[in-house]
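Everything below concerns the one structure shown next.
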Amino acid sequence: MSNIVVLDNGGGLIKAGQGGERDPTTVIPNCLYKPLSSKKFLHPSPLTSLSDEIDLTSAAVRRPIDRGYLINSDLQREIWSHLFTSFLHITPSSSSLLLTEAPLSIPSVQRTTDELVFEDFGFSSLYVAHPQSLVHLYEASRQPDSILSKTQCSLVVDCGFSFTHAVPVLHNFTLNHAIKRIDLGGKAFTNYLKELVSYRSINVMDETFLVDDAKEKLCFVSLDLLRDLRLARNGNNLIKSTYVLPDGVTHTKGYVKDPQAAQRFLSLSEKEHVVMDKVGERRKADMNKNEIDLTNERFLVPETLFQPADLGMNQAGLAECIVRAINSCHSYLQPVLYQSIILTGGSTLFPQLKERLEGELRPLVPDHFDVKITTQEDPILGVWRGGSLLASSPDFESMCVTKAEYEELGSARCRRRFFH
């Protein structure tokens, strides 16, 4: 059996490693960046060993994937080549590749991907999987006694970098006719936070990495939006957190000024919230300080996932999106799907997302249906672990398309094997 490379090629991060392992060998950003100190675009370091000496302030970014689909194959080839030689140390001609691809991908993108794999790198065989089916496979193996495993049926809510999908999965196959999508993901949340901060304090429109870090460390989902908006108007409230910007001398990365204080609001009881609810005066931003104060921005950014209209988008919120996806399935599957909703993707890491979603779903779901939502132990690595599990199965080689078959039949004919 040849060496199997599992590649979860996301719009934000690439997770790559050997099939059969528990964790990927490396996780790197799927981009090239150019810091102000450099004259050319550089390859990012793995997330586990991001070097502190590189100052990413106002760094330019180039990404091969936009809105979930491959738009720059030359850039993707360059990133993969660096990945295979510097981190995985593999020879593609003697390796098989398990690659993830966003659902409902268009044929021209599929052809470009196949050309990359077989013609540019020369892999011996390829298997393309939807990320959501791999999440289902991994969760079913983790919980053998659950209803998800017994019925082989689940609804995977994948909130990633480019967009959010609600995908029903049956026997490891995605039900494409029932897939629903919201054009919101981690990138849109970061851009919205950039706009809010730039409007209220200092211009951070060029600070992609900085604002991304602030979003991941400080944003949370509000369980009561109106109450939290009232609390945020108070000048000295527990929602307010300070993010210190890099000065380029003592530190080249931003950080949260008081991490414990930033988390304190999430642990308050309902009574304590009521005591805090006194409106005070909000101070204006001090432009001389090398820091930004975040108050209602902390929960207004993830709120757009439930209210896309806040961004002027004519799309349903997450709860309604899930209900529409399940209602598109056969009536026999619906009660099971409501009981096996799985949250995955980096954007599901916002605190209180699961509780808010349960609260919004319950009124939309018939009373005689139970609603059960589970969050993956690691939403970022869940897809890769499912791929690793599939790659270690004895049937994997027979499921792949070989290079000889691709050369004989072409991309379109070979693709039929993966999703039928």
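We name chains A, B, ... following the order of the structure tokens; residues begin at 1 in each chain, and ligands are numbered from 1 as shown.
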
Please identify which residues in segment 114-167 of chain A DSSP calls strand (DSSP E or B) from the backbone, and express them as a ChimeraX atom specification. /A:125-129,153-159,164-167

Dump N, CA, C and O atoms for the selected residues as an mmCIF file, in the first residue's frame?
data_model
loop_
_atom_site.group_PDB
_atom_site.id
_atom_site.type_symbol
_atom_site.label_atom_id
_atom_site.label_comp_id
_atom_site.auth_asym_id
_atom_site.auth_seq_id
_atom_site.Cartn_x
_atom_site.Cartn_y
_atom_site.Cartn_z
ATOM 1 N N SER A 125 -2.513 8.361 -7.145
ATOM 2 C CA SER A 125 -3.971 8.236 -7.121
ATOM 3 C C SER A 125 -4.566 9.344 -6.255
ATOM 4 O O SER A 125 -3.871 9.954 -5.435
ATOM 5 N N LEU A 126 -5.873 9.570 -6.439
ATOM 6 C CA LEU A 126 -6.545 10.681 -5.768
ATOM 7 C C LEU A 126 -7.930 10.258 -5.289
ATOM 8 O O LEU A 126 -8.646 9.526 -5.986
ATOM 9 N N TYR A 127 -8.293 10.710 -4.086
ATOM 10 C CA TYR A 127 -9.678 10.585 -3.631
ATOM 11 C C TYR A 127 -10.114 11.966 -3.140
ATOM 12 O O TYR A 127 -9.416 12.596 -2.330
ATOM 13 N N VAL A 128 -11.238 12.450 -3.641
ATOM 14 C CA VAL A 128 -11.764 13.764 -3.241
ATOM 15 C C VAL A 128 -12.983 13.556 -2.367
ATOM 16 O O VAL A 128 -13.895 12.798 -2.723
ATOM 17 N N ALA A 129 -13.009 14.216 -1.206
ATOM 18 C CA ALA A 129 -14.118 14.048 -0.253
ATOM 19 C C ALA A 129 -14.661 15.410 0.161
ATOM 20 O O ALA A 129 -13.926 16.400 0.203
ATOM 21 N N CYS A 153 -26.616 8.883 10.049
ATOM 22 C CA CYS A 153 -27.258 10.073 9.507
ATOM 23 C C CYS A 153 -26.979 11.248 10.433
ATOM 24 O O CYS A 153 -27.090 11.123 11.647
ATOM 25 N N SER A 154 -26.582 12.401 9.868
ATOM 26 C CA SER A 154 -26.319 13.570 10.708
ATOM 27 C C SER A 154 -26.438 14.844 9.868
ATOM 28 O O SER A 154 -26.444 14.788 8.631
ATOM 29 N N LEU A 155 -26.549 15.974 10.565
ATOM 30 C CA LEU A 155 -26.506 17.271 9.894
ATOM 31 C C LEU A 155 -25.241 17.978 10.363
ATOM 32 O O LEU A 155 -25.107 18.302 11.542
ATOM 33 N N VAL A 156 -24.317 18.217 9.442
ATOM 34 C CA VAL A 156 -23.051 18.858 9.783
ATOM 35 C C VAL A 156 -23.140 20.345 9.454
ATOM 36 O O VAL A 156 -23.417 20.722 8.309
ATOM 37 N N VAL A 157 -22.947 21.188 10.481
ATOM 38 C CA VAL A 157 -22.916 22.637 10.287
ATOM 39 C C VAL A 157 -21.447 23.047 10.289
ATOM 40 O O VAL A 157 -20.778 23.025 11.319
ATOM 41 N N ASP A 158 -20.958 23.374 9.115
ATOM 42 C CA ASP A 158 -19.531 23.675 8.925
ATOM 43 C C ASP A 158 -19.367 25.175 8.733
ATOM 44 O O ASP A 158 -19.668 25.716 7.674
ATOM 45 N N CYS A 159 -18.880 25.844 9.773
ATOM 46 C CA CYS A 159 -18.698 27.292 9.724
ATOM 47 C C CYS A 159 -17.208 27.579 9.610
ATOM 48 O O CYS A 159 -16.490 27.591 10.614
ATOM 49 N N THR A 164 -20.536 29.327 5.495
ATOM 50 C CA THR A 164 -21.130 28.370 6.431
ATOM 51 C C THR A 164 -22.086 27.465 5.665
ATOM 52 O O THR A 164 -22.947 27.952 4.926
ATOM 53 N N HIS A 165 -21.917 26.154 5.840
ATOM 54 C CA HIS A 165 -22.794 25.175 5.187
ATOM 55 C C HIS A 165 -23.591 24.387 6.226
ATOM 56 O O HIS A 165 -23.050 24.041 7.282
ATOM 57 N N ALA A 166 -24.847 24.112 5.926
ATOM 58 C CA ALA A 166 -25.628 23.127 6.676
ATOM 59 C C ALA A 166 -25.824 21.947 5.730
ATOM 60 O O ALA A 166 -26.521 22.072 4.705
ATOM 61 N N VAL A 167 -25.188 20.816 6.052
ATOM 62 C CA VAL A 167 -25.106 19.693 5.110
ATOM 63 C C VAL A 167 -25.638 18.401 5.738
ATOM 64 O O VAL A 167 -25.019 17.875 6.670
#

Can you check which residues of segment 4-164 of chain A DSSP gives as alpha helix (DSSP H) on the backbone and send them as number ranges by chain? A: 73-83, 107-114, 131-142, 147-151

Would you write out those residues with N, CA, C and O atoms, as a compact mmCIF listing (two decimals), in the first residue's frame?
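result-v7.txt, freshly written:
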# COMPACT_ATOMS: atom_id res chain seq x y z
N SER A 73 -4.48 28.83 -9.31
CA SER A 73 -3.85 27.51 -9.23
C SER A 73 -2.32 27.62 -9.14
O SER A 73 -1.67 26.77 -8.53
N ASP A 74 -1.75 28.67 -9.75
CA ASP A 74 -0.28 28.84 -9.68
C ASP A 74 0.17 29.09 -8.24
O ASP A 74 1.18 28.54 -7.78
N LEU A 75 -0.60 29.91 -7.52
CA LEU A 75 -0.28 30.19 -6.12
C LEU A 75 -0.47 28.94 -5.26
O LEU A 75 0.35 28.66 -4.38
N GLN A 76 -1.54 28.18 -5.54
CA GLN A 76 -1.79 26.96 -4.77
C GLN A 76 -0.68 25.93 -5.02
O GLN A 76 -0.25 25.24 -4.10
N ARG A 77 -0.20 25.88 -6.27
CA ARG A 77 0.90 24.96 -6.60
C ARG A 77 2.15 25.32 -5.81
O ARG A 77 2.83 24.44 -5.27
N GLU A 78 2.43 26.61 -5.70
CA GLU A 78 3.61 27.08 -4.97
C GLU A 78 3.52 26.72 -3.49
O GLU A 78 4.49 26.26 -2.87
N ILE A 79 2.32 26.90 -2.90
CA ILE A 79 2.13 26.60 -1.48
C ILE A 79 2.22 25.10 -1.23
O ILE A 79 2.87 24.66 -0.28
N TRP A 80 1.57 24.30 -2.09
CA TRP A 80 1.64 22.84 -1.93
C TRP A 80 3.07 22.33 -2.09
O TRP A 80 3.50 21.45 -1.36
N SER A 81 3.79 22.87 -3.07
CA SER A 81 5.16 22.42 -3.32
C SER A 81 6.02 22.65 -2.08
O SER A 81 6.80 21.77 -1.67
N HIS A 82 5.88 23.82 -1.47
CA HIS A 82 6.61 24.13 -0.23
C HIS A 82 6.19 23.19 0.89
O HIS A 82 7.03 22.71 1.67
N LEU A 83 4.89 22.89 0.96
CA LEU A 83 4.35 22.00 2.00
C LEU A 83 4.92 20.58 1.85
O LEU A 83 5.37 19.98 2.83
N PRO A 107 -17.47 22.51 -12.17
CA PRO A 107 -16.59 21.59 -12.92
C PRO A 107 -15.24 22.21 -13.30
O PRO A 107 -14.22 21.51 -13.28
N SER A 108 -15.20 23.50 -13.64
CA SER A 108 -13.92 24.10 -14.04
C SER A 108 -12.93 24.10 -12.89
O SER A 108 -11.72 23.89 -13.10
N VAL A 109 -13.42 24.32 -11.65
CA VAL A 109 -12.55 24.28 -10.47
C VAL A 109 -12.08 22.85 -10.22
O VAL A 109 -10.92 22.61 -9.88
N GLN A 110 -12.99 21.88 -10.42
CA GLN A 110 -12.63 20.47 -10.24
C GLN A 110 -11.55 20.05 -11.23
O GLN A 110 -10.60 19.35 -10.87
N ARG A 111 -11.69 20.49 -12.49
CA ARG A 111 -10.68 20.15 -13.50
C ARG A 111 -9.33 20.74 -13.14
O ARG A 111 -8.29 20.07 -13.26
N THR A 112 -9.32 22.00 -12.69
CA THR A 112 -8.07 22.65 -12.30
C THR A 112 -7.40 21.90 -11.16
O THR A 112 -6.17 21.71 -11.15
N THR A 113 -8.20 21.47 -10.18
CA THR A 113 -7.66 20.71 -9.04
C THR A 113 -7.05 19.40 -9.50
O THR A 113 -5.95 19.02 -9.08
N ASP A 114 -7.75 18.69 -10.40
CA ASP A 114 -7.25 17.41 -10.90
C ASP A 114 -5.94 17.59 -11.68
O ASP A 114 -5.03 16.77 -11.58
N PRO A 131 -15.73 17.81 3.07
CA PRO A 131 -15.32 17.89 4.48
C PRO A 131 -16.41 17.38 5.44
O PRO A 131 -16.11 16.75 6.45
N GLN A 132 -17.67 17.65 5.10
CA GLN A 132 -18.76 17.31 6.02
C GLN A 132 -18.93 15.79 6.16
O GLN A 132 -19.24 15.30 7.25
N SER A 133 -18.70 15.04 5.09
CA SER A 133 -18.82 13.59 5.18
C SER A 133 -17.69 13.01 6.05
O SER A 133 -17.88 12.01 6.76
N LEU A 134 -16.52 13.66 6.04
CA LEU A 134 -15.40 13.20 6.88
C LEU A 134 -15.68 13.50 8.36
O LEU A 134 -15.32 12.70 9.23
N VAL A 135 -16.32 14.64 8.62
CA VAL A 135 -16.71 14.97 10.01
C VAL A 135 -17.70 13.92 10.53
O VAL A 135 -17.57 13.43 11.65
N HIS A 136 -18.67 13.57 9.69
CA HIS A 136 -19.66 12.55 10.07
C HIS A 136 -18.97 11.22 10.38
O HIS A 136 -19.27 10.56 11.38
N LEU A 137 -18.05 10.82 9.50
CA LEU A 137 -17.32 9.55 9.68
C LEU A 137 -16.56 9.54 11.00
O LEU A 137 -16.61 8.56 11.76
N TYR A 138 -15.88 10.63 11.31
CA TYR A 138 -15.08 10.71 12.53
C TYR A 138 -15.97 10.67 13.78
O TYR A 138 -15.67 9.95 14.74
N GLU A 139 -17.07 11.45 13.77
CA GLU A 139 -17.95 11.47 14.94
C GLU A 139 -18.66 10.14 15.14
O GLU A 139 -18.87 9.71 16.28
N ALA A 140 -19.02 9.46 14.05
CA ALA A 140 -19.67 8.15 14.16
C ALA A 140 -18.72 7.12 14.77
O ALA A 140 -19.13 6.27 15.57
N SER A 141 -17.43 7.22 14.43
CA SER A 141 -16.45 6.27 14.99
C SER A 141 -16.15 6.59 16.45
O SER A 141 -15.83 5.71 17.24
N ARG A 142 -16.25 7.90 16.80
CA ARG A 142 -15.97 8.32 18.18
C ARG A 142 -17.10 7.95 19.14
O ARG A 142 -16.87 7.70 20.31
N ILE A 147 -27.00 7.92 18.42
CA ILE A 147 -28.01 7.80 17.35
C ILE A 147 -27.38 8.11 16.00
O ILE A 147 -27.76 7.55 14.97
N LEU A 148 -26.38 8.99 16.01
CA LEU A 148 -25.66 9.33 14.78
C LEU A 148 -25.00 8.09 14.17
O LEU A 148 -25.09 7.87 12.97
N SER A 149 -24.37 7.30 15.02
CA SER A 149 -23.67 6.11 14.54
C SER A 149 -24.66 5.00 14.13
O SER A 149 -24.47 4.32 13.14
N LYS A 150 -25.74 4.85 14.90
CA LYS A 150 -26.70 3.77 14.61
C LYS A 150 -27.49 4.03 13.33
O LYS A 150 -27.79 3.11 12.58
N THR A 151 -27.84 5.30 13.10
CA THR A 151 -28.63 5.62 11.90
C THR A 151 -27.77 6.01 10.71
O THR A 151 -28.26 6.09 9.58

Non-local contacts of segment 362-369 of chain A (9 Å; only C-alpha atoms; under 4 positions in same chain excluded) as a list in words: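 After dropping sequence-adjacent residues, the list is Ala319, Glu320, Val323, Gln334, Pro335, Val336, Tyr338, Gln339, Leu357 and Glu358 of chain A.
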
Do you have the atom CA of Ser93 of chain A-atom CA of Leu116 of chain A distance handy? 12.9 Å

Quick one: distance from atom CA of Ser58 of chain A to atom CA of Asp206 of chain A in Å, one decimal?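 Rounded to one decimal, the two atoms are 5.2 Å apart.
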
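With only C-alpha atoms as the atoms that count, the residue of A:Thr174, A:Gln18, A:Thr57, A:Gln152 with the shortest distance to His251 of chain A is A:Thr57.
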
Quick one: which segment 61-126 of chain A residues come within 7 Å of segment 24-36 of chain A, and what is the nearest atom pair for each with the distance in Å to one decimal, counting only C-alpha atoms, rows ordered by chain and ascending number, as JSON lines?
{"residue": "A:Val61", "atom": "CA", "partner": "A:Tyr33", "partner_atom": "CA", "distance": 4.5}
{"residue": "A:Arg62", "atom": "CA", "partner": "A:Leu32", "partner_atom": "CA", "distance": 5.3}
{"residue": "A:Arg63", "atom": "CA", "partner": "A:Cys31", "partner_atom": "CA", "distance": 4.6}
{"residue": "A:Pro64", "atom": "CA", "partner": "A:Cys31", "partner_atom": "CA", "distance": 6.8}
{"residue": "A:Phe87", "atom": "CA", "partner": "A:Thr26", "partner_atom": "CA", "distance": 7.0}

Put those residues in a file: all heavy atoms, as a PDB file, in the first residue's frame.
ATOM      1  N   VAL A  61      -1.416  40.174   1.868  1.00  0.00           N
ATOM      2  CA  VAL A  61      -1.739  38.743   1.851  1.00  0.00           C
ATOM      3  C   VAL A  61      -2.233  38.341   0.465  1.00  0.00           C
ATOM      4  O   VAL A  61      -3.001  39.066  -0.164  1.00  0.00           O
ATOM      5  CB  VAL A  61      -2.852  38.407   2.885  1.00  0.00           C
ATOM      6  CG1 VAL A  61      -3.034  36.898   2.998  1.00  0.00           C
ATOM      7  CG2 VAL A  61      -2.529  38.993   4.239  1.00  0.00           C
ATOM      8  N   ARG A  62      -1.764  37.171  -0.002  1.00  0.00           N
ATOM      9  CA  ARG A  62      -2.290  36.584  -1.247  1.00  0.00           C
ATOM     10  C   ARG A  62      -2.826  35.196  -0.921  1.00  0.00           C
ATOM     11  O   ARG A  62      -2.125  34.381  -0.318  1.00  0.00           O
ATOM     12  CB  ARG A  62      -1.191  36.467  -2.306  1.00  0.00           C
ATOM     13  CG  ARG A  62      -0.724  37.789  -2.883  1.00  0.00           C
ATOM     14  CD  ARG A  62       0.461  37.581  -3.816  1.00  0.00           C
ATOM     15  NE  ARG A  62       0.111  36.765  -4.980  1.00  0.00           N
ATOM     16  CZ  ARG A  62       0.983  36.022  -5.658  1.00  0.00           C
ATOM     17  NH1 ARG A  62       2.246  35.977  -5.281  1.00  0.00           N
ATOM     18  NH2 ARG A  62       0.598  35.334  -6.704  1.00  0.00           N
ATOM     19  N   ARG A  63      -4.076  34.946  -1.335  1.00  0.00           N
ATOM     20  CA  ARG A  63      -4.702  33.647  -1.061  1.00  0.00           C
ATOM     21  C   ARG A  63      -5.121  32.964  -2.364  1.00  0.00           C
ATOM     22  O   ARG A  63      -5.695  33.613  -3.242  1.00  0.00           O
ATOM     23  CB  ARG A  63      -5.940  33.818  -0.175  1.00  0.00           C
ATOM     24  CG  ARG A  63      -5.642  34.415   1.193  1.00  0.00           C
ATOM     25  CD  ARG A  63      -6.890  34.396   2.077  1.00  0.00           C
ATOM     26  NE  ARG A  63      -6.676  35.153   3.307  1.00  0.00           N
ATOM     27  CZ  ARG A  63      -6.092  34.678   4.388  1.00  0.00           C
ATOM     28  NH1 ARG A  63      -5.653  33.424   4.394  1.00  0.00           N
ATOM     29  NH2 ARG A  63      -5.939  35.416   5.468  1.00  0.00           N
ATOM     30  N   PRO A  64      -4.877  31.650  -2.495  1.00  0.00           N
ATOM     31  CA  PRO A  64      -5.284  30.940  -3.721  1.00  0.00           C
ATOM     32  C   PRO A  64      -6.775  30.620  -3.750  1.00  0.00           C
ATOM     33  O   PRO A  64      -7.331  30.341  -4.802  1.00  0.00           O
ATOM     34  CB  PRO A  64      -4.464  29.646  -3.661  1.00  0.00           C
ATOM     35  CG  PRO A  64      -4.207  29.427  -2.204  1.00  0.00           C
ATOM     36  CD  PRO A  64      -4.120  30.782  -1.573  1.00  0.00           C
ATOM     37  N   PHE A  87       7.754  20.257   4.796  1.00  0.00           N
ATOM     38  CA  PHE A  87       7.096  19.768   6.008  1.00  0.00           C
ATOM     39  C   PHE A  87       6.755  18.275   5.950  1.00  0.00           C
ATOM     40  O   PHE A  87       6.999  17.538   6.901  1.00  0.00           O
ATOM     41  CB  PHE A  87       5.813  20.569   6.281  1.00  0.00           C
ATOM     42  CG  PHE A  87       6.066  22.031   6.511  1.00  0.00           C
ATOM     43  CD1 PHE A  87       5.561  22.982   5.641  1.00  0.00           C
ATOM     44  CD2 PHE A  87       6.825  22.463   7.582  1.00  0.00           C
ATOM     45  CE1 PHE A  87       5.796  24.340   5.842  1.00  0.00           C
ATOM     46  CE2 PHE A  87       7.073  23.813   7.795  1.00  0.00           C
ATOM     47  CZ  PHE A  87       6.556  24.746   6.919  1.00  0.00           C
TER      48      PHE A  87
END

Length of the atom CA of Val169 of chain A to atom CA of Ser328 of chain A vector [Å]: 12.5 Å

Identify which of the residues A:Thr374, A:Asn237, A:Gln307, A:Asn9 lies closest to Thr100 of chain A, counting only C-alpha atoms when measuring atom-to-atom distances.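 Going through A:Thr374, A:Asn237, A:Gln307, A:Asn9 one by one, the smallest distance to Thr100 of chain A is for A:Asn9.
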